[in-house]
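Okay, data-v8.txt now, which holds compact mmCIF, C-alpha atoms:
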```
# COMPACT_ATOMS: atom_id res chain seq x y z
CA MET A 1 -4.64 1.28 4.50
CA ASN A 2 -2.04 -0.40 2.30
CA PHE A 3 0.08 -3.51 2.94
CA LEU A 4 3.06 -1.51 4.23
CA GLU A 5 1.04 0.65 6.61
CA GLU A 6 -0.53 -2.51 8.04
CA ARG A 7 2.93 -4.01 8.58
CA ILE A 8 4.24 -0.84 10.25
CA LEU A 9 1.29 -0.87 12.67
CA LYS A 10 1.83 -4.57 13.39
CA ASP A 11 5.64 -4.69 13.79
CA GLY A 12 6.99 -1.13 13.81
CA VAL A 13 8.13 0.43 17.08
CA VAL A 14 7.75 4.16 17.77
CA LYS A 15 10.85 5.19 19.73
CA SER A 16 10.09 8.93 19.81
CA SER A 17 8.07 11.51 17.94
CA ASN A 18 10.53 11.28 15.05
CA VAL A 19 12.07 7.77 15.25
CA LEU A 20 10.26 4.72 13.88
CA LYS A 21 12.02 1.35 14.14
CA VAL A 22 11.23 -1.09 11.36
CA ASP A 23 14.34 -3.20 11.77
CA SER A 24 12.43 -6.45 12.31
CA PHE A 25 11.18 -6.48 8.70
CA LEU A 26 12.81 -3.73 6.58
CA ASN A 27 16.27 -2.47 7.41
CA HIS A 28 18.08 -4.94 9.63
CA GLN A 29 16.17 -8.19 9.29
CA MET A 30 14.32 -8.21 5.97
CA ASP A 31 11.01 -9.89 5.21
CA ILE A 32 11.75 -10.98 1.64
CA GLU A 33 8.09 -11.46 0.66
CA LEU A 34 7.39 -7.89 1.83
CA ILE A 35 10.43 -6.56 -0.06
CA GLU A 36 9.26 -8.37 -3.21
CA GLU A 37 5.85 -6.73 -2.83
CA ILE A 38 7.56 -3.34 -2.39
CA GLY A 39 9.52 -3.97 -5.61
CA ARG A 40 6.32 -4.78 -7.50
CA GLU A 41 4.58 -1.67 -6.12
CA PHE A 42 7.41 0.64 -7.24
CA LYS A 43 7.32 -1.01 -10.69
CA ARG A 44 3.59 -0.28 -10.83
CA ARG A 45 4.00 3.34 -9.70
CA PHE A 46 6.82 4.08 -12.17
CA ALA A 47 5.61 1.84 -15.02
CA ASN A 48 5.31 4.81 -17.39
CA LYS A 49 8.96 5.82 -16.87
CA ASN A 50 11.90 4.81 -19.05
CA VAL A 51 14.07 3.36 -16.28
CA THR A 52 17.48 2.05 -17.37
CA LYS A 53 19.11 1.93 -13.92
CA VAL A 54 18.07 1.88 -10.26
CA MET A 55 20.19 3.75 -7.72
CA THR A 56 20.33 3.85 -3.92
CA ILE A 57 22.74 4.58 -1.10
CA GLU A 58 24.34 1.97 1.14
CA ALA A 59 23.37 0.17 3.24
CA SER A 60 19.65 -0.07 4.06
CA GLY A 61 18.44 0.78 0.58
CA ILE A 62 20.39 -1.94 -1.23
CA GLY A 63 18.13 -4.91 -0.54
CA ILE A 64 15.00 -2.96 -1.40
CA ALA A 65 16.50 -1.43 -4.54
CA ALA A 66 17.68 -4.87 -5.70
CA PHE A 67 14.07 -6.08 -5.88
CA VAL A 68 13.03 -2.90 -7.69
CA ALA A 69 15.85 -3.34 -10.22
CA LYS A 70 14.78 -6.96 -10.74
CA GLU A 71 11.22 -5.81 -11.48
CA PHE A 72 12.49 -3.34 -14.10
CA GLY A 73 15.09 -5.77 -15.46
CA VAL A 74 17.88 -3.21 -15.09
CA PRO A 75 21.15 -2.92 -13.11
CA LEU A 76 21.34 -1.48 -9.62
CA VAL A 77 24.15 0.87 -8.61
CA PHE A 78 24.57 2.08 -5.06
CA ALA A 79 26.48 5.04 -3.69
CA LYS A 80 29.18 4.03 -1.25
CA LYS A 81 29.63 6.06 1.90
CA SER A 82 33.40 6.14 1.59
CA LYS A 83 35.92 5.70 -1.16
CA SER A 84 37.78 2.44 -0.68
CA ILE A 85 40.75 0.94 -2.46
CA ASN A 86 38.27 -1.19 -4.42
CA ILE A 87 36.94 1.87 -6.23
CA ASP A 88 39.41 2.78 -8.92
CA GLY A 89 39.27 5.64 -11.38
CA ASP A 90 37.05 8.67 -11.42
CA VAL A 91 34.02 8.99 -9.19
CA PHE A 92 31.01 11.21 -8.74
CA VAL A 93 30.92 12.62 -5.19
CA ALA A 94 28.21 14.24 -3.05
CA GLU A 95 28.15 15.17 0.62
CA VAL A 96 25.20 13.68 2.45
CA GLU A 97 24.04 14.31 5.99
CA SER A 98 22.37 11.33 7.67
CA PHE A 99 19.35 12.05 9.87
CA THR A 100 19.62 8.63 11.53
CA HIS A 101 23.36 8.64 12.19
CA ARG A 102 23.71 12.39 12.72
CA ASN A 103 26.85 12.65 10.63
CA LYS A 104 28.01 13.70 7.18
CA ASN A 105 29.43 11.32 4.61
CA GLN A 106 30.90 11.80 1.21
CA VAL A 107 29.13 9.30 -0.99
CA VAL A 108 30.71 8.10 -4.20
CA VAL A 109 29.66 6.33 -7.38
CA SER A 110 32.24 5.15 -9.89
CA LYS A 111 31.91 6.89 -13.24
CA LYS A 112 32.13 3.41 -14.81
CA PHE A 113 28.62 2.64 -13.59
CA LEU A 114 26.67 5.84 -14.29
CA HIS A 115 26.59 7.39 -17.75
CA GLU A 116 25.20 10.29 -19.68
CA GLY A 117 21.78 9.54 -21.13
CA GLU A 118 20.76 6.94 -18.55
CA HIS A 119 17.35 7.14 -16.88
CA VAL A 120 17.65 6.54 -13.15
CA LEU A 121 15.04 5.61 -10.56
CA ILE A 122 16.29 6.44 -7.05
CA ILE A 123 15.11 4.16 -4.23
CA ASP A 124 15.57 4.54 -0.46
CA ASP A 125 14.07 3.10 2.70
CA PHE A 126 13.37 6.38 4.54
CA LEU A 127 12.90 10.01 3.60
CA ALA A 128 13.31 12.50 6.45
CA ASN A 129 15.16 15.72 5.62
CA GLY A 130 15.94 14.73 2.04
CA CYS A 131 19.73 15.04 2.25
CA ALA A 132 20.43 11.55 0.91
CA LEU A 133 18.06 12.05 -2.02
CA GLN A 134 19.53 15.44 -2.83
CA GLY A 135 23.00 13.90 -2.85
CA LEU A 136 21.92 11.07 -5.15
CA ILE A 137 20.10 13.50 -7.44
CA SER A 138 23.24 15.64 -7.72
CA ILE A 139 25.31 12.57 -8.63
CA VAL A 140 22.82 11.51 -11.33
CA GLU A 141 22.74 15.02 -12.77
CA SER A 142 26.56 15.30 -12.64
CA ALA A 143 26.68 12.21 -14.84
CA GLY A 144 24.37 13.81 -17.40
CA ALA A 145 21.72 11.23 -16.61
CA THR A 146 18.02 11.84 -15.92
CA VAL A 147 16.25 11.26 -12.61
CA GLU A 148 13.00 9.50 -13.52
CA GLY A 149 11.68 9.62 -9.97
CA CYS A 150 12.29 8.74 -6.33
CA GLY A 151 10.71 5.73 -4.67
CA ILE A 152 10.60 5.87 -0.88
CA VAL A 153 9.41 3.08 1.37
CA ILE A 154 8.59 5.27 4.40
CA GLU A 155 8.42 9.06 4.32
CA LYS A 156 8.31 11.12 7.48
CA GLY A 157 5.73 13.61 6.26
CA PHE A 158 6.26 15.86 9.26
CA GLN A 159 9.86 16.55 8.14
CA ILE A 160 10.86 18.71 5.16
CA GLY A 161 12.43 16.17 2.81
CA GLY A 162 9.43 15.09 0.78
CA ARG A 163 8.20 18.63 0.26
CA ALA A 164 11.70 19.84 -0.69
CA ILE A 165 12.27 17.11 -3.29
CA ARG A 166 8.79 17.51 -4.77
CA ASN A 167 9.31 21.29 -4.94
CA MET A 168 12.45 20.60 -6.99
CA GLY A 169 10.12 19.05 -9.58
CA TYR A 170 10.77 15.35 -8.99
CA GLN A 171 8.12 12.66 -8.77
CA VAL A 172 8.33 11.18 -5.27
CA GLU A 173 6.32 8.04 -4.57
CA SER A 174 6.23 7.04 -0.90
CA LEU A 175 4.54 3.77 0.00
CA ALA A 176 3.74 5.04 3.51
CA ILE A 177 3.78 8.65 4.67
CA VAL A 178 3.85 9.06 8.44
CA ASP A 179 2.33 12.37 9.54
CA ALA A 180 2.76 11.88 13.29
CA MET A 181 3.92 9.37 15.89
CA ASP A 182 3.51 9.10 19.65
CA ALA A 183 6.01 7.00 21.61
CA GLU A 184 3.84 6.72 24.75
CA SER A 185 0.87 5.19 22.96
CA GLY A 186 2.83 3.70 20.04
CA THR A 187 0.45 5.46 17.68
CA VAL A 188 1.37 6.08 14.04
CA ILE A 189 -0.80 8.38 11.94
CA PHE A 190 -0.52 7.92 8.18
CA ARG A 191 -1.32 10.47 5.51
CA GLU A 192 -4.18 9.56 3.21
CA GLN A 193 -2.80 8.94 -0.28
```
Rewritten as structure tokens:
Amino acid sequence: MNFLEERILKDGVVKSSNVLKVDSFLNHQMDIELIEEIGREFKRRFANKNVTKVMTIEASGIGIAAFVAKEFGVPLVFAKKSKSINIDGDVFVAEVESFTHRNKNQVVVSKKFLHEGEHVLIIDDFLANGCALQGLISIVESAGATVEGCGIVIEKGFQIGGRAIRNMGYQVESLAIVDAMDAESGTVIFREQ
């Protein structure tokens, strides 16, 4: 069992067979020492990749991706869930459906911050159905950049996202893969990696 799986068992809360709350240490309140360790682990797992930029989607992925970008010594760009008056000029756009929020958003990245020839590592906190990752992948490819891989903190292995993204040919590294959860007992079953 790795450091993240241990933390999920200690402080995670199973709300239902497909909802795991980790807001006390990952995506509402953040345990900075844990996030630093996550950043180091993604650097280790993607050490053989030529990463020139880290990318995520707002909001929960930003803090995590910042520590990954620091480990690689590269900039972080994040997709915004709506175009605001602060984003000027041309943008890359993808439609993304959120499993958690049960809605669709158009996510945007300014063309000023993503260029042809860049090598992008995509980072996110959760992988469920894979819609967010597919949207980010399409933005990277629209820019003429290369997706070097996808780093996921927690993958719901019982949902289709991980399989779908791997079947597209991308390296997906998930620090914890949850194969099943039971809300009554609070049990979380992790996939052996």
Inset, instruction - Figure out the distance between CA of Ala59 (chain A) and CA of Val22 (chain A), please, to one decimal in Å. - result: 14.7 Å
Listing only residues of region 133-189 of chain A within 12 Å of region 64-77 of chain A, what is the closest atom pair and its distance in Å (to one decimal) for each, using all atoms listed in the file, sorted by chain and residue number ascending, as JSON lines?
```
{"residue": "A:Leu136", "atom": "CA", "partner": "A:Val77", "partner_atom": "CA", "distance": 11.0}
{"residue": "A:Ile139", "atom": "CA", "partner": "A:Val77", "partner_atom": "CA", "distance": 11.8}
{"residue": "A:Val140", "atom": "CA", "partner": "A:Val77", "partner_atom": "CA", "distance": 11.1}
{"residue": "A:Cys150", "atom": "CA", "partner": "A:Ala65", "partner_atom": "CA", "distance": 11.2}
{"residue": "A:Gly151", "atom": "CA", "partner": "A:Ala65", "partner_atom": "CA", "distance": 9.2}
{"residue": "A:Ile152", "atom": "CA", "partner": "A:Ile64", "partner_atom": "CA", "distance": 9.9}
{"residue": "A:Val153", "atom": "CA", "partner": "A:Ile64", "partner_atom": "CA", "distance": 8.7}
{"residue": "A:Ile154", "atom": "CA", "partner": "A:Ile64", "partner_atom": "CA", "distance": 11.9}
```
Keeping only C-alpha atoms, take the residues you just selected and write them out as a compact mmCIF listing (two decimals), in the frame of the given file.
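Result file is selection12.txt:
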```txt
# COMPACT_ATOMS: atom_id res chain seq x y z
CA LEU A 136 21.92 11.07 -5.15
CA ILE A 139 25.31 12.57 -8.63
CA VAL A 140 22.82 11.51 -11.33
CA CYS A 150 12.29 8.74 -6.33
CA GLY A 151 10.71 5.73 -4.67
CA ILE A 152 10.60 5.87 -0.88
CA VAL A 153 9.41 3.08 1.37
CA ILE A 154 8.59 5.27 4.40
```
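Closest approach to Lys53 (chain A) from the set A:Phe3, A:Phe113, A:Phe92, A:Tyr170 is made by A:Phe113, with distances taken over all atoms listed in the file.
Using all atoms listed in the file, the residues found no farther than 8 Å from Glu155 (chain A), other than those of its own chain fewer than 6 positions away, are Phe126, Leu127, Ala128, Gly162, Ser174, Leu175, Ala176, Ile177 and Val178 of chain A.
Counting all atoms listed in the file, the residue from A:Thr56, A:Ser24, A:Gln171, A:Asn2 that sits nearest to Ala132 (chain A) is A:Thr56.
Between CA of Glu41 (chain A) and CA of Val188 (chain A) lies a distance of 21.8 Å.
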Legend entry - Met168 (chain A) environment, 12 Å, only C-alpha atoms, sequence neighbours closer than 6 positions dropped, as a ChimeraX atom specification: /A:130,133-134,137-138,147,149-150,161-162
Near-Asp179 (chain A) list (9 Å; all atoms listed in the file; drop same-chain fewer than 5 positions) as a compact mmCIF listing (two decimals) with C-alpha atoms, in the frame of the given file:
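Result written to result34.txt:
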```txt
# COMPACT_ATOMS: atom_id res chain seq x y z
CA GLU A 155 8.42 9.06 4.32
CA LYS A 156 8.31 11.12 7.48
CA GLY A 157 5.73 13.61 6.26
CA PHE A 158 6.26 15.86 9.26
CA GLN A 159 9.86 16.55 8.14
CA VAL A 188 1.37 6.08 14.04
CA ILE A 189 -0.80 8.38 11.94
CA PHE A 190 -0.52 7.92 8.18
CA ARG A 191 -1.32 10.47 5.51
```
Inset, instruction - Name all residues at most 9 Å from Ser17 (chain A) (count all atoms listed in the file; drop same-chain ones fewer than 2 positions away) and give them as a list in words. - result: Val14, Lys15, Val19, Leu20, Ala180, Met181, Asp182 and Ala183 of chain A
Inset, instruction - Would you kindly identify which residues have an atom no farther than 10 Å from (5.2, -4.2, -0.5), using only C-alpha atoms and the file's own coordinates, and write them out as a ChimeraX atom specification? - result: /A:2-5,7,31-42,64,153,175
Listed atoms of region 26-30 of chain A boxed axis-aligned with 6 Å per side, centre + edges as AutoDock Vina command-line options:
```
--center_x 15.4 --center_y -5.3 --center_z 7.8 --size_x 17.3 --size_y 17.7 --size_z 15.7
```
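Computed from the coordinates, the CA of Gly12 (chain A) to CA of Gly186 (chain A) distance equals 8.9 Å.
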Legend entry - Shortest interatomic distance to Lys43 (chain A) - which of A:Asp124, A:Glu184, A:Glu192, A:Glu173, counting only C-alpha atoms: A:Glu173
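With distances restricted to only C-alpha atoms, A:Val54 is the closest residue to Glu148 (chain A) from A:Met1, A:Val93, A:Val54, A:Cys131.
Compared by their closest atoms to Glu141 (chain A), and using only C-alpha atoms, the residues A:Glu6, A:Val108, A:Asn129, A:Leu114 rank with A:Leu114 nearest.
Between Gly61 (chain A) and the residues A:Gln193, A:His115, A:Ile165, A:Met30, the shortest atom-to-atom distance, using only C-alpha atoms, involves A:Met30.
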